[in-house]
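S.K.: Structure below; questions to follow.
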Amino acid sequence: MRILFIADIVGQPGRRAAKKYLAAPPDAGGFDFVIANGENVAGGKGLTPPLARELFEAGVHVLTGGNHTWRNREVMGIIQDERILRPANYPPCAETPGQGCSVLASPAGFEVAVVSLLGRTYMDHHDDPFARAEDLVESLRRRTPLIVVDFHAEATSEKLAMFRVLDGRVTAVIGTHTHVQTADEQVSPLGTAYITDAGMTGPHDSILGVRTDIALRQLRTELPVRHEIATGDPHLSGVIIEADPLTGRAQSILRVFDPPRR
């Protein structure tokens, strides 16, 4: 089974890059299941119903969340959709809508569980992501061995720790949030694929998707600025995971950066 994970889609350039890649992937084999981090889809922060629909129509099966999940009020109209996830480790109270995990059938009929989690190091405080991950995975494994975790976190150590905690119990632990693709992809002897950060799908002639001049102004002056999404040098970033659908064990993980740098 081939699973494509598309890293943080940033604004219109990111959406265009994702749709272009899904319409004509360089590998003619195609994909059995597509997951994308969608917390930056709407102008760099948040998600809206029309843009979620646009990505689903392009071939995405599940959109995961992050610290910007609630930045666009319109997301409340679609947050109950099982294809749209917010981090599972928000406080478990009635006032927090949506779901942090979902199980969906691939076109071939295999069920895939997707979990969205949010880190705590250098981020706002949330419930313990490790305890929440273990509880969810224990429950999900009763239904399917194919489990992909998007851990949206800042610290590399925290992401690696999640990989160690879930090693052998999930198909993949994929780090997101920093918008910088790391080169540490691996498959453990126990069959779990991992990468510290899958990168950013969007304009790479920028500072993490934001226009360079605006980001530099904020860094140099420490004054508030209104972020604007850059437009130059768009690329899709992510990973492709080959997994055994019967055991859930990952067989390979391949970094994707398309189009390739010259």
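Residue numbers start at 1 in each chain; chains themselves are named A, B, ... in the order of the structure tokens; ligands are numbered from 1 in the order shown.
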Could you pull the residues within 6 Å of segment 26-43 of chain A, counting only C-alpha atoms, minus those fewer than 2 positions along the same chain, as a list in words?

M.R.: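 The residues satisfying every condition are Arg2, Ile3, Leu4, Phe5, Ile6, Ala7, Asp8, Ile9, Val10, Gly11, Lys45, Gly46, Leu47, Val60, His61, Val62, Leu63, Thr64, Gly65, Gly66, His68, Thr69 and Ser106 of chain A.
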
S.K.: Output N, CA and C atoms for every residue in the selection just made, as a compact mmCIF listing (two decimals), in the first residue's frame.

M.R.:
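Ended up saving to again.txt:
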```
# COMPACT_ATOMS: atom_id res chain seq x y z
N ARG A 2 0.55 2.19 -0.88
CA ARG A 2 1.33 3.43 -1.00
C ARG A 2 0.55 4.59 -0.39
N ILE A 3 1.13 5.18 0.63
CA ILE A 3 0.51 6.31 1.33
C ILE A 3 1.34 7.56 1.07
N LEU A 4 0.70 8.60 0.57
CA LEU A 4 1.36 9.89 0.37
C LEU A 4 0.98 10.81 1.51
N PHE A 5 1.98 11.39 2.15
CA PHE A 5 1.73 12.43 3.15
C PHE A 5 2.27 13.74 2.59
N ILE A 6 1.38 14.71 2.44
CA ILE A 6 1.76 16.04 1.93
C ILE A 6 1.99 16.96 3.11
N ALA A 7 3.19 17.52 3.19
CA ALA A 7 3.55 18.40 4.30
C ALA A 7 2.77 19.70 4.24
N ASP A 8 2.78 20.44 5.36
CA ASP A 8 2.01 21.68 5.57
C ASP A 8 1.76 22.45 4.26
N ILE A 9 0.50 22.46 3.83
CA ILE A 9 0.12 23.20 2.63
C ILE A 9 -0.10 24.65 2.99
N VAL A 10 0.69 25.53 2.39
CA VAL A 10 0.66 26.96 2.75
C VAL A 10 0.04 27.78 1.62
N GLY A 11 -1.14 28.30 1.87
CA GLY A 11 -1.79 29.25 0.98
C GLY A 11 -2.06 28.72 -0.42
N LYS A 45 -2.90 30.47 7.45
CA LYS A 45 -3.36 30.12 8.80
C LYS A 45 -4.82 29.72 8.75
N GLY A 46 -5.09 28.45 9.05
CA GLY A 46 -6.46 27.99 9.14
C GLY A 46 -6.94 27.26 7.88
N LEU A 47 -8.24 26.94 7.92
CA LEU A 47 -8.87 26.16 6.86
C LEU A 47 -10.30 26.65 6.70
N VAL A 60 -7.06 14.29 -1.92
CA VAL A 60 -6.70 14.13 -0.51
C VAL A 60 -7.82 13.41 0.22
N HIS A 61 -7.45 12.44 1.07
CA HIS A 61 -8.46 11.71 1.83
C HIS A 61 -8.67 12.26 3.24
N VAL A 62 -7.60 12.76 3.86
CA VAL A 62 -7.68 13.28 5.23
C VAL A 62 -6.82 14.54 5.36
N LEU A 63 -7.35 15.55 6.06
CA LEU A 63 -6.59 16.76 6.38
C LEU A 63 -6.33 16.78 7.88
N THR A 64 -5.05 16.85 8.26
CA THR A 64 -4.69 16.92 9.67
C THR A 64 -4.52 18.38 10.10
N GLY A 65 -4.46 18.58 11.43
CA GLY A 65 -4.43 19.95 11.96
C GLY A 65 -3.13 20.30 12.65
N GLY A 66 -3.22 21.35 13.47
CA GLY A 66 -2.04 21.85 14.18
C GLY A 66 -2.43 23.05 15.02
N HIS A 68 -2.66 26.09 14.28
CA HIS A 68 -3.48 27.10 13.61
C HIS A 68 -4.86 26.58 13.22
N THR A 69 -5.24 25.43 13.74
CA THR A 69 -6.53 24.82 13.36
C THR A 69 -7.70 25.79 13.51
N SER A 106 -9.60 3.03 2.34
CA SER A 106 -8.95 3.40 1.10
C SER A 106 -9.80 2.91 -0.07
```

S.K.: Neighbours of segment 173-181 of chain A within 10 Å (only C-alpha atoms; same-chain residues fewer than 3 positions away dropped), as a PyMOL selection string?

M.R.: chain A and resi 5-10+37+39-40+65-67+115-119+147-156+158-160+162-164+166-167+170+184-185+192-202+204+207-209+237-239+255-257

S.K.: Run DSSP on the backbone of this structure and report the residues of segment 174-253 of chain A it assigns to strand (DSSP E or B), as a PyMOL selection string.

M.R.: chain A and resi 174-176+186-187+193-195+200-203+207+210+229+234-243+250-253

S.K.: For N, CA and C atoms, I'd like the residues from the last selection saved as a PDB file, in the first residue's frame.

M.R.:
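This is the output file result.pdb:
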```pdb
ATOM      1  N   ILE A 174       4.985  10.964  11.546  1.00  0.00           N
ATOM      2  CA  ILE A 174       5.470  11.993  10.635  1.00  0.00           C
ATOM      3  C   ILE A 174       5.421  13.333  11.347  1.00  0.00           C
ATOM      4  N   GLY A 175       6.562  13.989  11.451  1.00  0.00           N
ATOM      5  CA  GLY A 175       6.630  15.298  12.072  1.00  0.00           C
ATOM      6  C   GLY A 175       6.255  16.400  11.100  1.00  0.00           C
ATOM      7  N   THR A 176       5.529  17.397  11.615  1.00  0.00           N
ATOM      8  CA  THR A 176       5.192  18.588  10.837  1.00  0.00           C
ATOM      9  C   THR A 176       5.380  19.820  11.719  1.00  0.00           C
ATOM     10  N   GLN A 186      13.505   7.179   8.076  1.00  0.00           N
ATOM     11  CA  GLN A 186      13.954   5.829   8.412  1.00  0.00           C
ATOM     12  C   GLN A 186      12.764   4.921   8.643  1.00  0.00           C
ATOM     13  N   VAL A 187      13.019   3.624   8.541  1.00  0.00           N
ATOM     14  CA  VAL A 187      12.051   2.611   8.952  1.00  0.00           C
ATOM     15  C   VAL A 187      12.727   1.774  10.017  1.00  0.00           C
ATOM     16  N   ALA A 193       7.756   3.774  10.149  1.00  0.00           N
ATOM     17  CA  ALA A 193       8.447   4.808   9.376  1.00  0.00           C
ATOM     18  C   ALA A 193       8.444   6.115  10.158  1.00  0.00           C
ATOM     19  N   TYR A 194       9.505   6.910   9.950  1.00  0.00           N
ATOM     20  CA  TYR A 194       9.622   8.158  10.713  1.00  0.00           C
ATOM     21  C   TYR A 194      10.392   9.198   9.918  1.00  0.00           C
ATOM     22  N   ILE A 195       9.979  10.454  10.085  1.00  0.00           N
ATOM     23  CA  ILE A 195      10.768  11.613   9.649  1.00  0.00           C
ATOM     24  C   ILE A 195      10.465  12.737  10.628  1.00  0.00           C
ATOM     25  N   MET A 200       7.377  21.620   3.843  1.00  0.00           N
ATOM     26  CA  MET A 200       6.329  22.592   3.520  1.00  0.00           C
ATOM     27  C   MET A 200       5.958  22.473   2.055  1.00  0.00           C
ATOM     28  N   THR A 201       4.676  22.466   1.782  1.00  0.00           N
ATOM     29  CA  THR A 201       4.183  22.525   0.410  1.00  0.00           C
ATOM     30  C   THR A 201       3.709  23.949   0.178  1.00  0.00           C
ATOM     31  N   GLY A 202       4.515  24.675  -0.578  1.00  0.00           N
ATOM     32  CA  GLY A 202       4.216  26.088  -0.774  1.00  0.00           C
ATOM     33  C   GLY A 202       5.388  26.818  -1.390  1.00  0.00           C
ATOM     34  N   PRO A 203       5.427  28.158  -1.253  1.00  0.00           N
ATOM     35  CA  PRO A 203       6.461  28.972  -1.890  1.00  0.00           C
ATOM     36  C   PRO A 203       7.778  28.930  -1.109  1.00  0.00           C
ATOM     37  N   ILE A 207      10.341  32.968   3.703  1.00  0.00           N
ATOM     38  CA  ILE A 207      10.777  32.489   5.018  1.00  0.00           C
ATOM     39  C   ILE A 207       9.602  31.709   5.589  1.00  0.00           C
ATOM     40  N   VAL A 210       6.226  32.805   4.262  1.00  0.00           N
ATOM     41  CA  VAL A 210       5.904  34.233   4.385  1.00  0.00           C
ATOM     42  C   VAL A 210       6.853  35.043   3.512  1.00  0.00           C
ATOM     43  N   ILE A 229       1.541  35.702   2.325  1.00  0.00           N
ATOM     44  CA  ILE A 229       2.138  34.521   1.728  1.00  0.00           C
ATOM     45  C   ILE A 229       2.929  34.907   0.490  1.00  0.00           C
ATOM     46  N   PRO A 234       7.279  27.558  -5.876  1.00  0.00           N
ATOM     47  CA  PRO A 234       6.425  26.605  -5.151  1.00  0.00           C
ATOM     48  C   PRO A 234       6.871  25.163  -5.362  1.00  0.00           C
ATOM     49  N   HIS A 235       6.830  24.382  -4.300  1.00  0.00           N
ATOM     50  CA  HIS A 235       7.173  22.962  -4.354  1.00  0.00           C
ATOM     51  C   HIS A 235       6.230  22.186  -3.438  1.00  0.00           C
ATOM     52  N   LEU A 236       5.997  20.937  -3.799  1.00  0.00           N
ATOM     53  CA  LEU A 236       5.349  20.002  -2.886  1.00  0.00           C
ATOM     54  C   LEU A 236       6.429  19.295  -2.086  1.00  0.00           C
ATOM     55  N   SER A 237       6.204  19.179  -0.801  1.00  0.00           N
ATOM     56  CA  SER A 237       7.125  18.476   0.083  1.00  0.00           C
ATOM     57  C   SER A 237       6.327  17.442   0.867  1.00  0.00           C
ATOM     58  N   GLY A 238       6.947  16.294   1.129  1.00  0.00           N
ATOM     59  CA  GLY A 238       6.264  15.265   1.893  1.00  0.00           C
ATOM     60  C   GLY A 238       7.014  13.955   1.865  1.00  0.00           C
ATOM     61  N   VAL A 239       6.296  12.868   2.113  1.00  0.00           N
ATOM     62  CA  VAL A 239       6.907  11.537   2.083  1.00  0.00           C
ATOM     63  C   VAL A 239       5.922  10.538   1.489  1.00  0.00           C
ATOM     64  N   ILE A 240       6.487   9.489   0.889  1.00  0.00           N
ATOM     65  CA  ILE A 240       5.707   8.354   0.404  1.00  0.00           C
ATOM     66  C   ILE A 240       6.090   7.145   1.246  1.00  0.00           C
ATOM     67  N   ILE A 241       5.098   6.483   1.786  1.00  0.00           N
ATOM     68  CA  ILE A 241       5.330   5.317   2.643  1.00  0.00           C
ATOM     69  C   ILE A 241       4.728   4.085   1.972  1.00  0.00           C
ATOM     70  N   GLU A 242       5.541   3.063   1.836  1.00  0.00           N
ATOM     71  CA  GLU A 242       5.055   1.756   1.384  1.00  0.00           C
ATOM     72  C   GLU A 242       4.821   0.919   2.637  1.00  0.00           C
ATOM     73  N   ALA A 243       3.638   0.323   2.750  1.00  0.00           N
ATOM     74  CA  ALA A 243       3.304  -0.450   3.941  1.00  0.00           C
ATOM     75  C   ALA A 243       2.542  -1.710   3.571  1.00  0.00           C
ATOM     76  N   ALA A 250       5.550  -0.654   8.012  1.00  0.00           N
ATOM     77  CA  ALA A 250       6.126   0.124   6.919  1.00  0.00           C
ATOM     78  C   ALA A 250       7.279  -0.644   6.305  1.00  0.00           C
ATOM     79  N   GLN A 251       7.389  -0.576   4.988  1.00  0.00           N
ATOM     80  CA  GLN A 251       8.471  -1.232   4.272  1.00  0.00           C
ATOM     81  C   GLN A 251       9.504  -0.234   3.761  1.00  0.00           C
ATOM     82  N   SER A 252       9.057   0.994   3.495  1.00  0.00           N
ATOM     83  CA  SER A 252       9.979   2.031   3.033  1.00  0.00           C
ATOM     84  C   SER A 252       9.365   3.394   3.260  1.00  0.00           C
ATOM     85  N   ILE A 253      10.225   4.407   3.313  1.00  0.00           N
ATOM     86  CA  ILE A 253       9.772   5.799   3.366  1.00  0.00           C
ATOM     87  C   ILE A 253      10.675   6.601   2.443  1.00  0.00           C
TER      88      ILE A 253
END
```

S.K.: Step one, run DSSP on the backbone; step two, keep only residues of segment 6-71 of chain A assigned to alpha helix (DSSP H); then write them as a list of chain:residue names.

M.R.: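 Written out, the alpha helix (DSSP H) residues of segment 6-71 of chain A are A:Gly11, A:Gln12, A:Pro13, A:Gly14, A:Arg15, A:Arg16, A:Ala17, A:Ala18, A:Lys19, A:Lys20, A:Tyr21, A:Leu22, A:Ala23, A:Pro49, A:Pro50, A:Leu51, A:Ala52, A:Arg53, A:Glu54, A:Leu55, A:Phe56, A:Glu57, A:Ala58.
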
S.K.: Near Asp128 of chain A, within 8 Å and counting only C-alpha atoms, which residues show up once chain neighbours fewer than 4 positions away are dropped, as a list in words?

M.R.: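 Non-adjacent residues within range: Asn89, Arg120 and Arg132 of chain A.
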
S.K.: What does the file look like for those residues with C-alpha atoms, as a PDB file, in the first residue's frame?

M.R.:
```pdb
ATOM      1  CA  ASN A  89      -4.691  16.222  22.737  1.00  0.00           C
ATOM      2  CA  ARG A 120       4.014  21.082  23.883  1.00  0.00           C
ATOM      3  CA  ARG A 132      -3.134  10.533  24.364  1.00  0.00           C
TER       4      ARG A 132
END
```

S.K.: Please report the interatomic distance between atom CA of Ser188 of chain A and atom CA of Thr247 of chain A in Å with one decimal.

M.R.: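 Taking atom CA of Ser188 of chain A and atom CA of Thr247 of chain A, their separation equals 14.6 Å.
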
S.K.: Figure out the distance between atom CA of Asp213 of chain A and atom CA of Glu228 of chain A, please, to one decimal in Å.

M.R.: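 Computed distance, atom CA of Glu228 of chain A to atom CA of Asp213 of chain A, equals 9.8 Å.
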
S.K.: Grab the atom CA of Pro49 of chain A to atom CA of Gln80 of chain A distance for me, in Å with one decimal place.

M.R.: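 Rounded to one decimal, the two atoms are 11.5 Å apart.
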
S.K.: Using only C-alpha atoms, which of the listed residues (A:Leu51, A:Leu104, A:Ala183, A:Leu140) sits closest to Arg16 of chain A?

M.R.: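 When distances to Arg16 of chain A are compared using only C-alpha atoms, the smallest one comes from A:Leu51.
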
S.K.: Find the residue from A:Gly191, A:Pro13, A:Pro91, A:Pro224 that sits nearest to Gly44 of chain A; use only C-alpha atoms when measuring.

M.R.: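 Once distances to Gly44 of chain A are computed over only C-alpha atoms, the minimum belongs to A:Pro13.
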